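*Asks:* Can you read through this structure? Questions will come right after.
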Amino acid sequence: MIILVNLDPQAEKYLKAFNLMPPIHKMDPKTVRDLLSKAPRPAVKLEPLSKVKDLMVLVSQDEEIKCRVYIPEGQGPFPLFIYYHGGGWVLGDIESTDASCRMIANRTDSIVVSVNYRLAPEYKFPTAVEDAYTALEWVYEKGSSFNGDVSRLAVGGDSVGGNLATVVTMMARDRKGPDITAQVLLYPPTNLECNTESHQTFAKGFGLDREQLIWFRDHYLRNEEDRCNEYASPLVAEDLSGLPPALVITAENDVLRDEGRDYAGRLKKFGVQVEYACESGMVHGFFGHMAIFSRNIESTVSKINEFLRTANDSIKI
């Protein structure tokens, strides 16, 4: 069977370099982290902001996580946007999306809070989920102290960060927690069974191999039963009603494309307001690579800006 693939020229260039890396699913997490930490980070222009500061958030009796707060120029109070980075719950940190978060803060006139949740396999499910929710509660409690408007509070993230973002909206509904204005999900995994058509079509060579995805999943979850837990696989949730408006963006050449699309469709069935877009020619992870995909990231941030403005305007008194 011949598969015709539409690849953006920048995506093609990125994949040529990416596919030279040794397969991470044949290594242990520490080795992969060490390898990535030694890789040179390409220089990118960082957008200036009024202030960027790191704050520590208590997530257990004796452990804290770092949250980076990006404050734009202007009077405020500003809408708040909590951002969760990607990395398969095993890799990644707030540095990986620093440039993108700066752009979001500037272009949307929002305070962005980027969350450095704890990683697997040292901290398995549901630790990352609970950290993400604790960060939400912290921003809701403390946001006004750094000129944020907690009545305009959105969540979002890329890849597994998108998974955490939408799960946080479910937890806030279930626990009667903070009101969330909107959710922004960039190529999110939503069903950890990994069995869609796009898992087969883009199984190898497109920025996230299916074997890598399974490696991430198996390090993250405690057991097979966790795959069916709605806080791990939100697509299988029995009830998705009562969730905030969602912007779901997928990449055309991505193993996660179909489950992101299907999740957008299922949210609609439960009466959730949804905007869906599939980025033509793009591959998994593009939002975290400003040096390569700056034009595509700007386009995505424009969509986020328009979506958040509409969502925030709808709650103004």
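Each chain in the structure tokens gets a letter, A, B and so on, in the order shown; residues start at 1 in every chain, and ligands are counted from 1 in the order they appear.
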Select from stretch 160-255 of chain A everything DSSP, run on the backbone, classes as strand (DSSP E), then give the selection as a list in words.
*Replies:* Ala182, Gln183, Val184, Leu185, Leu186, Ala246, Leu247, Val248, Ile249, Thr250, Ala251, Glu252 and Asn253 of chain A
*Asks:* Restrict the calculation to only C-alpha atoms, then for each residue of stretch 113-160 of chain A with any atom at most 10 Å from an atom of stretch 87-98 of chain A give the closest atom pair and their distance in Å to one decimal, rows by chain and rising residue number, as a Markdown table.
*Replies:*
| residue | atom | partner | partner_atom | distance |
| --- | --- | --- | --- | --- |
| A:Val113 | CA | A:Ile94 | CA | 9.8 |
| A:Ser114 | CA | A:Ile94 | CA | 6.2 |
| A:Val115 | CA | A:Ile94 | CA | 6.6 |
| A:Asn116 | CA | A:Ile94 | CA | 5.7 |
| A:Tyr117 | CA | A:Asp93 | CA | 8.1 |
| A:Arg118 | CA | A:Trp89 | CA | 8.2 |
| A:Leu119 | CA | A:Val90 | CA | 5.1 |
| A:Ala120 | CA | A:Val90 | CA | 4.8 |
| A:Pro121 | CA | A:Val90 | CA | 6.6 |
| A:Glu122 | CA | A:Val90 | CA | 8.8 |
| A:Tyr123 | CA | A:Val90 | CA | 9.1 |
| A:Lys124 | CA | A:Trp89 | CA | 8.7 |
| A:Phe125 | CA | A:Trp89 | CA | 9.0 |
| A:Thr127 | CA | A:Trp89 | CA | 9.9 |
| A:Ala128 | CA | A:Trp89 | CA | 7.3 |
| A:Val129 | CA | A:Trp89 | CA | 9.8 |
| A:Gly157 | CA | A:Thr97 | CA | 9.7 |
| A:Asp158 | CA | A:Gly87 | CA | 8.8 |
| A:Ser159 | CA | A:Gly87 | CA | 7.3 |
| A:Val160 | CA | A:Gly88 | CA | 5.7 |
*Asks:* Mind checking which residues fall within 10 Å of A:Ala154, counting only C-alpha atoms, ignoring those fewer than 5 positions away in the same chain, and posting them as a list in words?
*Replies:*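 These residues fall inside the cut-off: Pro79, Leu80, Phe81, Ile82, Tyr83, Ser110, Val112, Leu136, Ala165, Thr169, Asp179, Ile180, Thr181, Ala182, Gln183, Val184, Pro244, Pro245, Ala246, Leu308, Ala311 and Asn312 of chain A.
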*Asks:* Which of these, A:Gly260, A:Ile65, A:Ile304, A:Val255, has the shortest distance to A:Val155 once you count only C-alpha atoms?
*Replies:* A:Ile304
*Asks:* Find the residues near A:Lys45: any atom within 10 Å, counting only C-alpha atoms, skip ones fewer than 6 places away on the same chain, and give them as a list in words.
*Replies:*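 What passes the distance filter is Ala99, Met290 and Ala291 of chain A.
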*Asks:* Based on the selection just made, write all heavy atoms of those residues as a short mmCIF file (atom, residue, chain, number, x, y, z; two decimals), in the first residue's frame.
*Replies:*
data_model
loop_
_atom_site.label_atom_id
_atom_site.label_comp_id
_atom_site.auth_asym_id
_atom_site.auth_seq_id
_atom_site.Cartn_x
_atom_site.Cartn_y
_atom_site.Cartn_z
N ALA A 99 10.53 29.62 24.64
CA ALA A 99 10.31 30.60 23.57
C ALA A 99 8.83 30.66 23.18
O ALA A 99 8.28 31.74 22.94
CB ALA A 99 11.17 30.25 22.36
N MET A 290 11.15 26.39 18.11
CA MET A 290 11.03 27.73 17.55
C MET A 290 12.06 27.99 16.45
O MET A 290 11.76 28.69 15.48
CB MET A 290 11.18 28.77 18.67
CG MET A 290 10.98 30.20 18.23
SD MET A 290 9.26 30.55 17.76
CE MET A 290 8.48 30.60 19.38
N ALA A 291 13.26 27.43 16.59
CA ALA A 291 14.31 27.69 15.61
C ALA A 291 13.96 27.16 14.23
O ALA A 291 14.44 27.67 13.22
CB ALA A 291 15.63 27.09 16.09
#
*Asks:* Going by DSSP on the backbone, which bits of stretch 36-281 of chain A are helix (DSSP H, G or I)? Write them as a PyMOL selection string, please.
*Replies:* chain A and resi 36-38+98-108+127-146+160-174+197-201+210-220+224-228+234-236+257-269
*Asks:* Taking into account only C-alpha atoms, which residue in the set A:Pro234, A:Pro9, A:Gly285, A:Pro22 is nearest to A:His85?
*Replies:*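 Answer, going by the shortest atom-to-atom distance: A:Gly285.
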*Asks:* A:Asp209: which residues within 10 Å, counting only C-alpha atoms, same-chain residues fewer than 4 positions away excluded, as a ChimeraX atom specification?
*Replies:* /A:19,23-25,199-200,202-205,213-215,254-255,284
*Asks:* Restricting it to N, CA, C and O atoms, dump the selection as a compact mmCIF listing (two decimals), in the first residue's frame.
*Replies:*
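selection_38.txt, written as the output of this step:
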# COMPACT_ATOMS: atom_id res chain seq x y z
N ASN A 19 15.74 11.90 12.81
CA ASN A 19 15.83 10.45 12.59
C ASN A 19 17.25 9.90 12.62
O ASN A 19 17.45 8.69 12.53
N PRO A 23 17.33 5.36 18.63
CA PRO A 23 15.94 5.15 19.08
C PRO A 23 15.84 5.16 20.60
O PRO A 23 16.47 4.33 21.28
N ILE A 24 15.04 6.08 21.13
CA ILE A 24 14.99 6.23 22.58
C ILE A 24 14.30 5.05 23.25
O ILE A 24 14.57 4.76 24.42
N HIS A 25 13.44 4.32 22.52
CA HIS A 25 12.72 3.23 23.16
C HIS A 25 13.64 2.04 23.46
O HIS A 25 13.23 1.10 24.12
N HIS A 199 -1.77 5.82 13.97
CA HIS A 199 -0.69 5.10 14.64
C HIS A 199 0.03 4.17 13.69
O HIS A 199 1.23 3.90 13.86
N GLN A 200 -0.69 3.66 12.72
CA GLN A 200 -0.08 2.77 11.72
C GLN A 200 0.56 3.57 10.60
O GLN A 200 1.69 3.31 10.18
N PHE A 202 1.77 6.62 10.49
CA PHE A 202 2.95 7.40 10.87
C PHE A 202 3.74 6.72 11.98
O PHE A 202 4.34 7.36 12.83
N ALA A 203 3.76 5.38 11.92
CA ALA A 203 4.37 4.59 13.00
C ALA A 203 5.86 4.83 13.16
O ALA A 203 6.40 4.67 14.25
N LYS A 204 6.53 5.23 12.09
CA LYS A 204 7.98 5.39 12.17
C LYS A 204 8.44 6.53 11.28
O LYS A 204 8.02 6.65 10.13
N GLY A 205 9.31 7.37 11.85
CA GLY A 205 9.99 8.38 11.05
C GLY A 205 9.36 9.74 10.98
O GLY A 205 9.79 10.59 10.19
N LEU A 213 6.14 6.05 21.55
CA LEU A 213 4.93 6.39 22.29
C LEU A 213 4.59 5.30 23.32
O LEU A 213 4.23 5.60 24.46
N ILE A 214 4.71 4.06 22.91
CA ILE A 214 4.44 2.95 23.83
C ILE A 214 5.46 2.92 24.96
O ILE A 214 5.13 2.64 26.13
N TRP A 215 6.71 3.26 24.65
CA TRP A 215 7.79 3.36 25.67
C TRP A 215 7.42 4.42 26.70
O TRP A 215 7.52 4.20 27.91
N ASP A 254 1.26 12.77 12.12
CA ASP A 254 1.53 12.51 13.53
C ASP A 254 0.74 11.27 13.96
O ASP A 254 -0.46 11.15 13.64
N VAL A 255 1.38 10.39 14.69
CA VAL A 255 0.68 9.22 15.22
C VAL A 255 -0.53 9.62 16.06
O VAL A 255 -1.52 8.89 16.15
N HIS A 284 4.74 15.82 14.64
CA HIS A 284 4.63 15.89 16.09
C HIS A 284 5.75 16.75 16.68
O HIS A 284 6.90 16.66 16.26
*Asks:* Give me the residues near A:Arg222 as a compact mmCIF listing (two decimals) with all heavy atoms, in the first residue's frame, where near means some atom within 9 Å (using only C-alpha atoms) and where sequence neighbours in that chain fewer than 2 positions away do not count.
*Replies:*
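See out16.txt below for the written result:
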# COMPACT_ATOMS: atom_id res chain seq x y z
N LYS A 124 5.10 7.89 38.73
CA LYS A 124 4.15 7.36 37.77
C LYS A 124 2.77 8.00 37.92
O LYS A 124 2.52 8.74 38.87
CB LYS A 124 4.06 5.83 37.93
CG LYS A 124 5.30 5.09 37.40
CD LYS A 124 5.12 3.59 37.48
CE LYS A 124 6.27 2.84 36.81
NZ LYS A 124 6.20 2.95 35.32
N PHE A 125 1.89 7.69 36.96
CA PHE A 125 0.51 8.13 37.02
C PHE A 125 -0.09 7.76 38.38
O PHE A 125 0.16 6.67 38.87
CB PHE A 125 -0.29 7.43 35.90
CG PHE A 125 -1.76 7.68 35.93
CD1 PHE A 125 -2.29 8.83 35.37
CD2 PHE A 125 -2.63 6.77 36.51
CE1 PHE A 125 -3.65 9.07 35.40
CE2 PHE A 125 -4.00 7.00 36.54
CZ PHE A 125 -4.51 8.16 35.98
N PRO A 126 -0.81 8.64 39.05
CA PRO A 126 -1.30 9.93 38.54
C PRO A 126 -0.51 11.14 39.02
O PRO A 126 -1.09 12.23 39.13
CB PRO A 126 -2.72 9.96 39.08
CG PRO A 126 -2.58 9.32 40.44
CD PRO A 126 -1.52 8.24 40.28
N ASP A 218 4.35 3.17 28.81
CA ASP A 218 4.64 2.11 29.77
C ASP A 218 5.49 2.59 30.94
O ASP A 218 5.43 2.01 32.03
CB ASP A 218 5.34 0.94 29.05
CG ASP A 218 4.38 0.21 28.10
OD1 ASP A 218 3.16 0.47 28.16
OD2 ASP A 218 4.88 -0.60 27.28
N HIS A 219 6.27 3.65 30.73
CA HIS A 219 6.99 4.26 31.85
C HIS A 219 6.05 5.09 32.72
O HIS A 219 6.30 5.24 33.92
CB HIS A 219 8.15 5.12 31.35
CG HIS A 219 9.38 4.34 30.98
ND1 HIS A 219 10.03 3.51 31.87
CD2 HIS A 219 10.08 4.27 29.82
CE1 HIS A 219 11.08 2.95 31.28
NE2 HIS A 219 11.13 3.40 30.04
N TYR A 220 5.01 5.63 32.11
CA TYR A 220 4.10 6.53 32.82
C TYR A 220 3.08 5.79 33.67
O TYR A 220 2.84 6.13 34.83
CB TYR A 220 3.39 7.41 31.79
CG TYR A 220 2.34 8.35 32.33
CD1 TYR A 220 2.61 9.22 33.39
CD2 TYR A 220 1.07 8.40 31.74
CE1 TYR A 220 1.64 10.11 33.85
CE2 TYR A 220 0.09 9.29 32.19
CZ TYR A 220 0.39 10.14 33.25
OH TYR A 220 -0.56 11.02 33.70
N GLU A 224 -1.72 -2.05 33.26
CA GLU A 224 -2.58 -1.99 32.08
C GLU A 224 -3.93 -1.36 32.39
O GLU A 224 -4.55 -0.73 31.52
CB GLU A 224 -2.76 -3.39 31.48
CG GLU A 224 -1.52 -3.91 30.76
CD GLU A 224 -1.83 -5.12 29.89
OE1 GLU A 224 -3.03 -5.38 29.66
OE2 GLU A 224 -0.88 -5.77 29.44
N GLU A 225 -4.40 -1.52 33.60
CA GLU A 225 -5.70 -0.95 33.97
C GLU A 225 -5.70 0.57 33.83
O GLU A 225 -6.73 1.17 33.51
CB GLU A 225 -6.07 -1.35 35.41
CG GLU A 225 -6.43 -2.82 35.56
CD GLU A 225 -6.80 -3.16 36.99
OE1 GLU A 225 -6.88 -2.24 37.83
OE2 GLU A 225 -7.00 -4.35 37.27
N ASP A 226 -4.54 1.19 34.07
CA ASP A 226 -4.46 2.64 33.98
C ASP A 226 -4.76 3.16 32.57
O ASP A 226 -5.16 4.31 32.40
CB ASP A 226 -3.08 3.14 34.40
CG ASP A 226 -2.89 3.17 35.90
OD1 ASP A 226 -3.89 3.09 36.63
OD2 ASP A 226 -1.73 3.27 36.35
*Asks:* Give me the residues within 12 Å of A:Ala17 as a ChimeraX atom specification, counting only C-alpha atoms and dropping any in the same chain fewer than 6 places off.
*Replies:* /A:10-11,205-207,292
*Asks:* Can I get the selected residues back with N, CA, C and O atoms, as a PDB file, in the first residue's frame?
*Replies:*
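Output file out.pdb is given in full below:
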ATOM      1  N   GLN A  10      10.129  22.504   5.990  1.00  0.00           N
ATOM      2  CA  GLN A  10      10.824  22.615   7.278  1.00  0.00           C
ATOM      3  C   GLN A  10      10.669  21.334   8.092  1.00  0.00           C
ATOM      4  O   GLN A  10      11.588  20.918   8.796  1.00  0.00           O
ATOM      5  N   ALA A  11       9.498  20.696   7.987  1.00  0.00           N
ATOM      6  CA  ALA A  11       9.284  19.431   8.682  1.00  0.00           C
ATOM      7  C   ALA A  11      10.193  18.350   8.114  1.00  0.00           C
ATOM      8  O   ALA A  11      10.754  17.527   8.852  1.00  0.00           O
ATOM      9  N   GLY A 205       9.307   7.373  11.847  1.00  0.00           N
ATOM     10  CA  GLY A 205       9.988   8.378  11.052  1.00  0.00           C
ATOM     11  C   GLY A 205       9.356   9.745  10.979  1.00  0.00           C
ATOM     12  O   GLY A 205       9.787  10.588  10.186  1.00  0.00           O
ATOM     13  N   PHE A 206       8.350  10.029  11.842  1.00  0.00           N
ATOM     14  CA  PHE A 206       7.645  11.311  11.746  1.00  0.00           C
ATOM     15  C   PHE A 206       7.706  12.129  13.040  1.00  0.00           C
ATOM     16  O   PHE A 206       6.818  12.933  13.310  1.00  0.00           O
ATOM     17  N   GLY A 207       8.763  11.957  13.816  1.00  0.00           N
ATOM     18  CA  GLY A 207       8.951  12.783  14.998  1.00  0.00           C
ATOM     19  C   GLY A 207       8.510  12.146  16.291  1.00  0.00           C
ATOM     20  O   GLY A 207       8.948  12.543  17.368  1.00  0.00           O
ATOM     21  N   ILE A 292      13.120  26.135  14.181  1.00  0.00           N
ATOM     22  CA  ILE A 292      12.775  25.486  12.914  1.00  0.00           C
ATOM     23  C   ILE A 292      11.378  25.874  12.439  1.00  0.00           C
ATOM     24  O   ILE A 292      11.157  26.131  11.256  1.00  0.00           O
TER      25      ILE A 292
END
